[in-house]
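**Student:** Got final26.csv for you, CSV, C-alpha atoms:
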chain,number,residue,atom,x,y,z
A,854,MET,CA,9.3,-18.1,5.9
A,855,THR,CA,9.2,-18.9,9.6
A,856,ASN,CA,7.1,-18.9,12.7
A,857,LEU,CA,4.0,-20.7,11.4
A,858,PRO,CA,1.7,-22.0,12.8
A,859,ASN,CA,1.4,-19.9,16.0
A,860,ASN,CA,-1.2,-18.1,18.0
A,861,PHE,CA,-2.5,-16.1,15.1
A,862,THR,CA,-6.2,-15.1,15.2
A,863,LEU,CA,-7.8,-13.1,12.5
A,864,ALA,CA,-9.3,-9.8,13.7
A,865,HIS,CA,-13.1,-10.1,14.0
A,866,GLU,CA,-13.7,-7.3,11.5
A,867,LEU,CA,-11.6,-9.1,8.9
A,868,LYS,CA,-13.3,-12.3,9.7
A,869,ARG,CA,-16.7,-10.7,9.4
A,870,ASP,CA,-16.0,-8.8,6.1
A,871,THR,CA,-14.1,-11.4,4.1
A,872,ILE,CA,-14.7,-14.8,2.5
A,873,PRO,CA,-11.7,-17.1,3.0
A,874,ILE,CA,-10.0,-18.1,-0.3
A,875,LYS,CA,-8.0,-21.3,-0.1
A,876,SER,CA,-5.8,-20.7,-3.2
A,877,ILE,CA,-5.4,-18.3,-6.1
A,878,GLY,CA,-4.5,-19.6,-9.5
A,879,GLY,CA,-3.8,-22.9,-8.0
A,880,ASN,CA,-1.4,-21.5,-5.4
A,881,ALA,CA,-1.9,-21.6,-1.7
A,882,LEU,CA,-0.1,-18.8,0.3
A,883,SER,CA,2.2,-19.8,3.0
A,884,LEU,CA,2.5,-16.7,5.1
A,885,CYS,CA,-0.9,-14.9,4.6
A,886,TYR,CA,-4.5,-15.6,5.2
A,887,LEU,CA,-6.3,-14.7,1.9
A,888,GLY,CA,-9.8,-13.3,2.0
A,889,LEU,CA,-12.2,-11.8,-0.5
A,890,MET,CA,-13.9,-8.7,0.7
A,891,ASN,CA,-17.6,-9.4,0.6
A,892,ASN,CA,-18.4,-6.4,-1.6
A,893,GLN,CA,-19.6,-7.0,-5.1
A,894,TYR,CA,-18.6,-3.6,-6.3
A,895,PHE,CA,-14.9,-4.2,-6.3
A,896,PRO,CA,-12.6,-7.3,-6.9
A,897,TRP,CA,-10.9,-6.8,-3.5
A,898,LEU,CA,-8.6,-9.2,-1.7
A,899,ILE,CA,-7.1,-8.9,1.7
A,900,LEU,CA,-3.8,-10.6,2.8
A,901,VAL,CA,-3.2,-11.0,6.5
A,902,PRO,CA,0.3,-12.4,7.6
A,903,GLN,CA,-0.5,-15.1,10.1
A,904,GLU,CA,1.7,-14.0,13.0
A,905,GLU,CA,0.4,-12.7,16.2
A,906,ASN,CA,0.6,-9.0,17.3
A,907,LEU,CA,1.5,-7.6,13.9
A,908,LYS,CA,0.6,-4.0,13.2
A,909,GLU,CA,3.1,-2.8,10.7
A,910,ILE,CA,5.0,-4.4,7.8
A,911,ILE,CA,8.2,-3.7,9.7
A,912,ASP,CA,7.0,-5.9,12.5
A,913,LEU,CA,7.8,-8.8,10.2
A,914,SER,CA,11.3,-10.2,9.8
A,915,SER,CA,13.1,-9.2,6.7
A,916,THR,CA,12.6,-12.7,5.3
A,917,ASN,CA,8.9,-12.5,5.9
A,918,GLN,CA,8.7,-9.0,4.4
A,919,HIS,CA,10.1,-10.5,1.2
A,920,GLN,CA,7.6,-13.4,1.5
A,921,LEU,CA,4.8,-10.9,1.9
A,922,MET,CA,6.0,-9.1,-1.2
A,923,ASP,CA,6.0,-12.4,-3.1
A,924,GLU,CA,2.5,-13.1,-2.0
A,925,ILE,CA,1.3,-9.6,-2.9
A,926,SER,CA,2.9,-10.1,-6.3
A,927,LEU,CA,1.3,-13.5,-6.8
A,928,VAL,CA,-2.1,-12.2,-5.9
A,929,SER,CA,-1.6,-9.1,-8.0
A,930,LYS,CA,-0.7,-11.1,-11.1
A,931,HIS,CA,-3.8,-13.2,-10.8
A,932,MET,CA,-6.0,-10.2,-10.2
A,933,GLN,CA,-4.5,-8.6,-13.3
A,934,ALA,CA,-5.0,-11.7,-15.4
A,935,ILE,CA,-8.6,-12.2,-14.2
A,936,PHE,CA,-9.9,-8.7,-14.0
A,937,SER,CA,-7.7,-6.7,-16.4
A,938,PRO,CA,-7.9,-3.7,-14.1
A,939,LYS,CA,-7.0,-0.1,-15.1
A,940,LYS,CA,-4.9,-0.1,-11.9
A,941,LEU,CA,-4.2,-2.2,-8.9
A,942,ASN,CA,-4.5,-0.5,-5.5
A,943,ILE,CA,-2.2,-2.1,-2.9
A,944,ALA,CA,-2.2,-0.7,0.6
A,945,ALA,CA,-1.5,-1.4,4.2
A,946,LEU,CA,-3.5,1.2,6.1
A,947,GLY,CA,-4.9,-0.1,9.4
A,948,ASN,CA,-6.3,3.1,10.8
A,949,MET,CA,-9.5,1.3,11.6
A,950,VAL,CA,-8.4,-2.3,12.1
A,951,SER,CA,-5.0,-2.4,13.6
A,952,GLN,CA,-4.1,-6.0,12.7
A,953,LEU,CA,-1.7,-5.8,9.8
A,954,HIS,CA,-3.6,-6.5,6.6
A,955,ILE,CA,-2.9,-5.6,3.0
A,956,HIS,CA,-5.5,-4.7,0.4
A,957,VAL,CA,-5.1,-5.7,-3.2
A,958,ILE,CA,-7.9,-4.2,-5.2
A,959,ALA,CA,-8.6,-4.3,-9.0
A,960,ARG,CA,-9.8,-0.8,-9.9
A,961,ASN,CA,-11.5,0.2,-13.1
A,962,LYS,CA,-12.6,3.5,-14.6
A,963,ASN,CA,-16.2,2.5,-14.4
A,964,ASP,CA,-16.1,1.3,-10.8
A,965,LYS,CA,-18.2,3.0,-8.1
A,966,ALA,CA,-15.3,5.0,-6.5
A,967,TRP,CA,-12.9,5.8,-9.4
A,968,PRO,CA,-10.6,7.6,-9.3
A,969,ASN,CA,-10.8,7.9,-5.5
A,970,PRO,CA,-9.6,5.3,-3.1
A,971,VAL,CA,-12.2,2.8,-2.0
A,972,TRP,CA,-11.8,3.3,1.7
A,973,GLY,CA,-14.4,5.3,3.6
A,974,HIS,CA,-16.4,6.5,0.6
A,975,ALA,CA,-17.2,3.5,-1.6
A,976,PRO,CA,-20.5,1.7,-1.4
A,977,THR,CA,-20.8,-1.8,-0.1
A,978,GLU,CA,-23.1,-4.6,-1.3
A,979,PRO,CA,-22.4,-8.2,-0.4
A,980,TYR,CA,-22.2,-10.8,-3.1
A,981,SER,CA,-25.2,-12.9,-3.8
A,982,GLU,CA,-24.6,-16.7,-3.4
A,983,GLU,CA,-24.3,-17.1,-7.1
A,984,GLU,CA,-21.9,-14.2,-7.6
A,985,LYS,CA,-19.8,-15.4,-4.6
A,986,LEU,CA,-19.4,-18.9,-6.1
A,987,LYS,CA,-18.6,-17.4,-9.5
A,988,ILE,CA,-15.8,-15.1,-8.2
A,989,ILE,CA,-14.3,-17.8,-6.0
A,990,ASP,CA,-14.2,-20.1,-9.0
A,991,LEU,CA,-12.5,-17.4,-11.0
A,992,LEU,CA,-9.9,-16.9,-8.3
A,993,LYS,CA,-9.0,-20.5,-7.5
B,1338,MET,CA,19.1,-4.4,-7.9
B,1339,THR,CA,19.5,-4.0,-11.7
B,1340,ASN,CA,18.8,-1.7,-14.5
B,1341,LEU,CA,20.0,1.7,-13.1
B,1342,PRO,CA,20.6,4.2,-14.4
B,1343,ASN,CA,18.3,4.3,-17.4
B,1344,ASN,CA,15.8,6.6,-19.0
B,1345,PHE,CA,13.8,7.1,-15.8
B,1346,THR,CA,12.0,10.5,-15.7
B,1347,LEU,CA,10.0,11.5,-12.6
B,1348,ALA,CA,6.3,12.2,-13.5
B,1349,HIS,CA,5.7,15.9,-13.5
B,1350,GLU,CA,3.0,15.7,-10.8
B,1351,LEU,CA,5.4,14.0,-8.5
B,1352,LYS,CA,8.2,16.4,-9.3
B,1353,ARG,CA,5.8,19.3,-8.6
B,1354,ASP,CA,4.5,18.0,-5.3
B,1355,THR,CA,7.6,16.6,-3.7
B,1356,ILE,CA,10.9,17.8,-2.3
B,1357,PRO,CA,13.8,15.5,-3.1
B,1358,ILE,CA,15.3,13.8,-0.1
B,1359,LYS,CA,18.9,12.7,-0.6
B,1360,SER,CA,19.1,10.2,2.3
B,1361,ILE,CA,17.1,9.0,5.3
B,1362,GLY,CA,18.8,8.3,8.6
B,1363,GLY,CA,22.1,8.5,6.7
B,1364,ASN,CA,21.0,5.9,4.1
B,1365,ALA,CA,20.6,6.7,0.4
B,1366,LEU,CA,18.2,4.5,-1.5
B,1367,SER,CA,19.5,2.6,-4.5
B,1368,LEU,CA,16.3,1.7,-6.4
B,1369,CYS,CA,13.9,4.6,-5.5
B,1370,TYR,CA,13.7,8.3,-5.8
B,1371,LEU,CA,12.7,9.6,-2.4
B,1372,GLY,CA,10.6,12.7,-2.1
B,1373,LEU,CA,8.8,14.5,0.8
B,1374,MET,CA,5.2,15.6,-0.1
B,1375,ASN,CA,5.1,19.3,0.3
B,1376,ASN,CA,2.2,19.2,2.7
B,1377,GLN,CA,2.9,20.3,6.2
B,1378,TYR,CA,-0.2,18.5,7.6
B,1379,PHE,CA,1.3,15.0,7.2
B,1380,PRO,CA,4.8,13.5,7.4
B,1381,TRP,CA,4.5,11.9,4.0
B,1382,LEU,CA,7.2,10.4,1.8
B,1383,ILE,CA,7.0,9.1,-1.7
B,1384,LEU,CA,9.2,6.3,-3.2
B,1385,VAL,CA,9.5,6.0,-6.9
B,1386,PRO,CA,11.4,3.1,-8.4
B,1387,GLN,CA,13.7,4.6,-11.0
B,1388,GLU,CA,12.9,2.5,-14.0
B,1389,GLU,CA,11.1,3.6,-17.0
B,1390,ASN,CA,7.5,2.7,-17.8
B,1391,LEU,CA,6.6,1.2,-14.4
B,1392,LYS,CA,2.9,1.2,-13.5
B,1393,GLU,CA,2.5,-1.7,-11.1
B,1394,ILE,CA,4.8,-3.3,-8.5
B,1395,ILE,CA,4.6,-6.5,-10.5
B,1396,ASP,CA,6.2,-4.6,-13.4
B,1397,LEU,CA,9.5,-4.8,-11.4
B,1398,SER,CA,11.6,-7.9,-11.4
B,1399,SER,CA,11.3,-10.2,-8.3
B,1400,THR,CA,14.7,-9.0,-7.2
B,1401,ASN,CA,13.7,-5.4,-7.4
B,1402,GLN,CA,10.3,-6.1,-5.7
B,1403,HIS,CA,12.4,-7.3,-2.7
B,1404,GLN,CA,14.6,-4.2,-3.0
B,1405,LEU,CA,11.5,-2.0,-3.0
B,1406,MET,CA,10.3,-3.8,0.1
B,1407,ASP,CA,13.7,-3.2,1.8
B,1408,GLU,CA,13.5,0.5,0.9
B,1409,ILE,CA,9.9,0.8,2.1
B,1410,SER,CA,11.0,-0.9,5.3
B,1411,LEU,CA,14.0,1.4,5.7
B,1412,VAL,CA,11.9,4.5,5.2
B,1413,SER,CA,9.1,3.1,7.5
B,1414,LYS,CA,11.6,2.5,10.3
B,1415,HIS,CA,12.9,6.0,10.2
B,1416,MET,CA,9.4,7.5,9.9
B,1417,GLN,CA,8.4,5.4,13.0
B,1418,ALA,CA,11.5,6.5,14.9
B,1419,ILE,CA,11.1,10.2,14.0
B,1420,PHE,CA,7.4,10.7,14.2
B,1421,SER,CA,6.1,8.0,16.5
B,1422,PRO,CA,3.0,7.6,14.4
B,1423,LYS,CA,-0.2,5.8,15.6
B,1424,LYS,CA,-0.1,4.0,12.2
B,1425,LEU,CA,2.0,4.0,9.1
B,1426,ASN,CA,0.0,4.1,5.9
B,1427,ILE,CA,1.8,2.4,3.0
B,1428,ALA,CA,0.2,2.4,-0.4
B,1429,ALA,CA,0.7,2.0,-4.2
B,1430,LEU,CA,-2.5,3.5,-5.7
B,1431,GLY,CA,-1.8,5.4,-8.9
B,1432,ASN,CA,-5.4,6.1,-10.0
B,1433,MET,CA,-4.4,9.7,-10.6
B,1434,VAL,CA,-0.7,9.5,-11.4
B,1435,SER,CA,0.1,6.3,-13.3
B,1436,GLN,CA,3.9,6.2,-12.7
B,1437,LEU,CA,4.5,3.6,-10.0
B,1438,HIS,CA,5.0,5.4,-6.7
B,1439,ILE,CA,4.6,4.3,-3.1
B,1440,HIS,CA,3.3,6.5,-0.3
B,1441,VAL,CA,4.7,6.1,3.2
B,1442,ILE,CA,2.7,8.3,5.6
B,1443,ALA,CA,3.0,8.7,9.4
B,1444,ARG,CA,-0.6,9.0,10.6
B,1445,ASN,CA,-1.7,10.2,14.0
B,1446,LYS,CA,-5.0,10.4,15.8
B,1447,ASN,CA,-4.9,14.2,15.8
B,1448,ASP,CA,-4.0,14.7,12.1
B,1449,LYS,CA,-6.4,16.4,9.8
B,1450,ALA,CA,-7.7,13.3,8.1
B,1451,TRP,CA,-7.7,10.6,10.8
B,1452,PRO,CA,-9.0,7.9,10.6
B,1453,ASN,CA,-9.7,8.3,6.9
B,1454,PRO,CA,-7.0,7.9,4.2
B,1455,VAL,CA,-5.3,11.1,3.2
B,1456,TRP,CA,-6.0,10.9,-0.5
B,1457,GLY,CA,-8.7,13.0,-2.0
B,1458,HIS,CA,-10.0,14.5,1.2
B,1459,ALA,CA,-7.1,15.8,3.2
B,1460,PRO,CA,-6.2,19.5,3.2
B,1461,THR,CA,-2.9,20.6,1.7
B,1462,GLU,CA,-0.6,23.3,2.9
B,1463,PRO,CA,3.0,23.6,1.7
B,1464,TYR,CA,5.8,23.8,4.2
B,1465,SER,CA,7.2,27.2,5.1
B,1466,GLU,CA,10.9,27.5,4.3
B,1467,GLU,CA,11.7,27.1,8.0
B,1468,GLU,CA,9.5,24.0,8.4
B,1469,LYS,CA,10.9,22.5,5.3
B,1470,LEU,CA,14.5,22.8,6.5
B,1471,LYS,CA,13.5,21.4,9.9
B,1472,ILE,CA,11.8,18.3,8.5
B,1473,ILE,CA,14.6,17.6,5.9
B,1474,ASP,CA,17.1,17.9,8.8
B,1475,LEU,CA,15.0,15.4,10.9
B,1476,LEU,CA,14.8,13.0,8.0
B,1477,LYS,CA,18.4,13.0,6.9
Represent the structure contained in this file as structure tokens.
**Tutor:**
Amino acid sequence: MTNLPNNFTLAHELKRDTIPIKSIGGNALSLCYLGLMNNQYFPWLILVPQEENLKEIIDLSSTNQHQLMDEISLVSKHMQAIFSPKKLNIAALGNMVSQLHIHVIARNKNDKAWPNPVWGHAPTEPYSEEEKLKIIDLLK
Amino acid sequence: MTNLPNNFTLAHELKRDTIPIKSIGGNALSLCYLGLMNNQYFPWLILVPQEENLKEIIDLSSTNQHQLMDEISLVSKHMQAIFSPKKLNIAALGNMVSQLHIHVIARNKNDKAWPNPVWGHAPTEPYSEEEKLKIIDLLK
């Protein structure tokens, strides 16, 4: 993994919508910023590789593409262990926010969007302070 | 990359909805089945790692997770070169079809779902025979 730190700046929408998570299951990520989407309806993490001017996964070096996969995998394993999802949804879309970011979402049959994707149609409700502390504690 | 060939069987929905692509830009994939979604409205490829009983990316070995990333990257680069998309959408969802499969879709501002995701809400129209031959030729 190379090229850190640099002039990376988190896109304002991602800064606005996520709560920074310092570590997951005791592991800090080396390539990506990790944020919890502030939406109590879905356990939903966002990984943002910390290089400037990234739009697509293929803008990363091959080494960092593998590192990204390792970090997606690490986050996925902890999401699976903590939330026992029916399915993980993992996606790099970016139609709205162009800065490369990867969604890792724990989906369940009783969630508010199942079986549809969460983007565009799912309701949003921020965590209460109590819920926020609880989920951050679960994740760390 | 390990464990091929084995008892892999393509899920019937993926078999029904995709046209097998033997190679992309002259490269055959070693881990994944590659299929073109039979929907003329979006350049849309599906990668399916050819191991049995896969549901999540983390069900693959670490080596094959890297191989999967390499194949996603290869497919992405050719999609970018051929279709000049505004954005690639890359996703492993599986809420409907549980067999692990990865979407790589070339999205554009004038496509029939922009800026929304394609799943669930985008129209579907199979390729005509002529269009099918044309896009398969472009991809190979």
**Student:** Would you pick out the contacts of Leu1411 (chain B) at 9 Å or less, using only C-alpha atoms, so that residues sharing its chain but fewer than 2 positions from it are not included, and give the list as a ChimeraX atom specification?
**Tutor:** /A:911 /B:1361-1362,1364,1366,1406-1409,1413-1416
**Student:** So how many Å separate CA of Gln920 (chain A) and CA of Leu953 (chain A), to one decimal?
**Tutor:** 14.6 Å
**Student:** Go through B:Ile1472, B:Leu1405, B:Ala1443, B:Ala1348 one by one, measure the shortest atom-to-atom distance of each to Ser1367 (chain B) using only C-alpha atoms, and give the residue with the smallest value.
**Tutor:**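 Looking only at the distances to Ser1367 (chain B), the closest residue turns out to be B:Leu1405.
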**Student:** Compile the residues of chain A that lie within 10 Å of chain B, evaluated using all atoms listed in the file, and express the compilation as a PyMOL selection string.
**Tutor:** chain A and resi 908-913+915-916+918-923+925-930+933+939-949+951+955-958+960-962+967-974
**Student:** Produce a file of the selected residues containing C-alpha atoms, as a PDB file, keeping the file's coordinate frame.
**Tutor:**
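Writing done, so here's selection_11.pdb:
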ATOM      1  CA  LYS A 908       0.600  -4.000  13.200  1.00  0.00           C
ATOM      2  CA  GLU A 909       3.100  -2.800  10.700  1.00  0.00           C
ATOM      3  CA  ILE A 910       5.000  -4.400   7.800  1.00  0.00           C
ATOM      4  CA  ILE A 911       8.200  -3.700   9.700  1.00  0.00           C
ATOM      5  CA  ASP A 912       7.000  -5.900  12.500  1.00  0.00           C
ATOM      6  CA  LEU A 913       7.800  -8.800  10.200  1.00  0.00           C
ATOM      7  CA  SER A 915      13.100  -9.200   6.700  1.00  0.00           C
ATOM      8  CA  THR A 916      12.600 -12.700   5.300  1.00  0.00           C
ATOM      9  CA  GLN A 918       8.700  -9.000   4.400  1.00  0.00           C
ATOM     10  CA  HIS A 919      10.100 -10.500   1.200  1.00  0.00           C
ATOM     11  CA  GLN A 920       7.600 -13.400   1.500  1.00  0.00           C
ATOM     12  CA  LEU A 921       4.800 -10.900   1.900  1.00  0.00           C
ATOM     13  CA  MET A 922       6.000  -9.100  -1.200  1.00  0.00           C
ATOM     14  CA  ASP A 923       6.000 -12.400  -3.100  1.00  0.00           C
ATOM     15  CA  ILE A 925       1.300  -9.600  -2.900  1.00  0.00           C
ATOM     16  CA  SER A 926       2.900 -10.100  -6.300  1.00  0.00           C
ATOM     17  CA  LEU A 927       1.300 -13.500  -6.800  1.00  0.00           C
ATOM     18  CA  VAL A 928      -2.100 -12.200  -5.900  1.00  0.00           C
ATOM     19  CA  SER A 929      -1.600  -9.100  -8.000  1.00  0.00           C
ATOM     20  CA  LYS A 930      -0.700 -11.100 -11.100  1.00  0.00           C
ATOM     21  CA  GLN A 933      -4.500  -8.600 -13.300  1.00  0.00           C
ATOM     22  CA  LYS A 939      -7.000  -0.100 -15.100  1.00  0.00           C
ATOM     23  CA  LYS A 940      -4.900  -0.100 -11.900  1.00  0.00           C
ATOM     24  CA  LEU A 941      -4.200  -2.200  -8.900  1.00  0.00           C
ATOM     25  CA  ASN A 942      -4.500  -0.500  -5.500  1.00  0.00           C
ATOM     26  CA  ILE A 943      -2.200  -2.100  -2.900  1.00  0.00           C
ATOM     27  CA  ALA A 944      -2.200  -0.700   0.600  1.00  0.00           C
ATOM     28  CA  ALA A 945      -1.500  -1.400   4.200  1.00  0.00           C
ATOM     29  CA  LEU A 946      -3.500   1.200   6.100  1.00  0.00           C
ATOM     30  CA  GLY A 947      -4.900  -0.100   9.400  1.00  0.00           C
ATOM     31  CA  ASN A 948      -6.300   3.100  10.800  1.00  0.00           C
ATOM     32  CA  MET A 949      -9.500   1.300  11.600  1.00  0.00           C
ATOM     33  CA  SER A 951      -5.000  -2.400  13.600  1.00  0.00           C
ATOM     34  CA  ILE A 955      -2.900  -5.600   3.000  1.00  0.00           C
ATOM     35  CA  HIS A 956      -5.500  -4.700   0.400  1.00  0.00           C
ATOM     36  CA  VAL A 957      -5.100  -5.700  -3.200  1.00  0.00           C
ATOM     37  CA  ILE A 958      -7.900  -4.200  -5.200  1.00  0.00           C
ATOM     38  CA  ARG A 960      -9.800  -0.800  -9.900  1.00  0.00           C
ATOM     39  CA  ASN A 961     -11.500   0.200 -13.100  1.00  0.00           C
ATOM     40  CA  LYS A 962     -12.600   3.500 -14.600  1.00  0.00           C
ATOM     41  CA  TRP A 967     -12.900   5.800  -9.400  1.00  0.00           C
ATOM     42  CA  PRO A 968     -10.600   7.600  -9.300  1.00  0.00           C
ATOM     43  CA  ASN A 969     -10.800   7.900  -5.500  1.00  0.00           C
ATOM     44  CA  PRO A 970      -9.600   5.300  -3.100  1.00  0.00           C
ATOM     45  CA  VAL A 971     -12.200   2.800  -2.000  1.00  0.00           C
ATOM     46  CA  TRP A 972     -11.800   3.300   1.700  1.00  0.00           C
ATOM     47  CA  GLY A 973     -14.400   5.300   3.600  1.00  0.00           C
ATOM     48  CA  HIS A 974     -16.400   6.500   0.600  1.00  0.00           C
TER      49      HIS A 974
END
**Student:** From the set A:Ile935, A:Leu991, A:Leu889, A:Leu900, which residue has the shortest atom-to-atom contact distance to Arg869 (chain A), counting only C-alpha atoms?
**Tutor:**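 Ranked by minimum distance to Arg869 (chain A), first place goes to A:Leu889.
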**Student:** Which residue out of B:Tyr1378, B:Lys1359, B:Tyr1370, B:Lys1477 has the minimum interatomic distance to Pro1463 (chain B) when all atoms listed in the file are used?
**Tutor:**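 Closest to Pro1463 (chain B) of all the choices is B:Tyr1378.
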**Student:** Measure the distance from CA of Thr1346 (chain B) to CA of Gln1387 (chain B) in Å and round it to one decimal.
**Tutor:**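 Distance between the two atoms: 7.7 Å.
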**Student:** Using all atoms listed in the file, find all polymer residues with an atom at most 12 Å away from the point (-19.2, -5.7, -11.8); report them as a VMD selection string.
**Tutor:** chain A and resid 892 to 897 936 938 959 to 965 978 980 984 987 to 988
**Student:** So, with only C-alpha atoms as the atoms that count, which of A:Leu887, A:Ala975, A:Leu992, A:Val901 lies closest to Ile872 (chain A)?
**Tutor:** A:Leu887
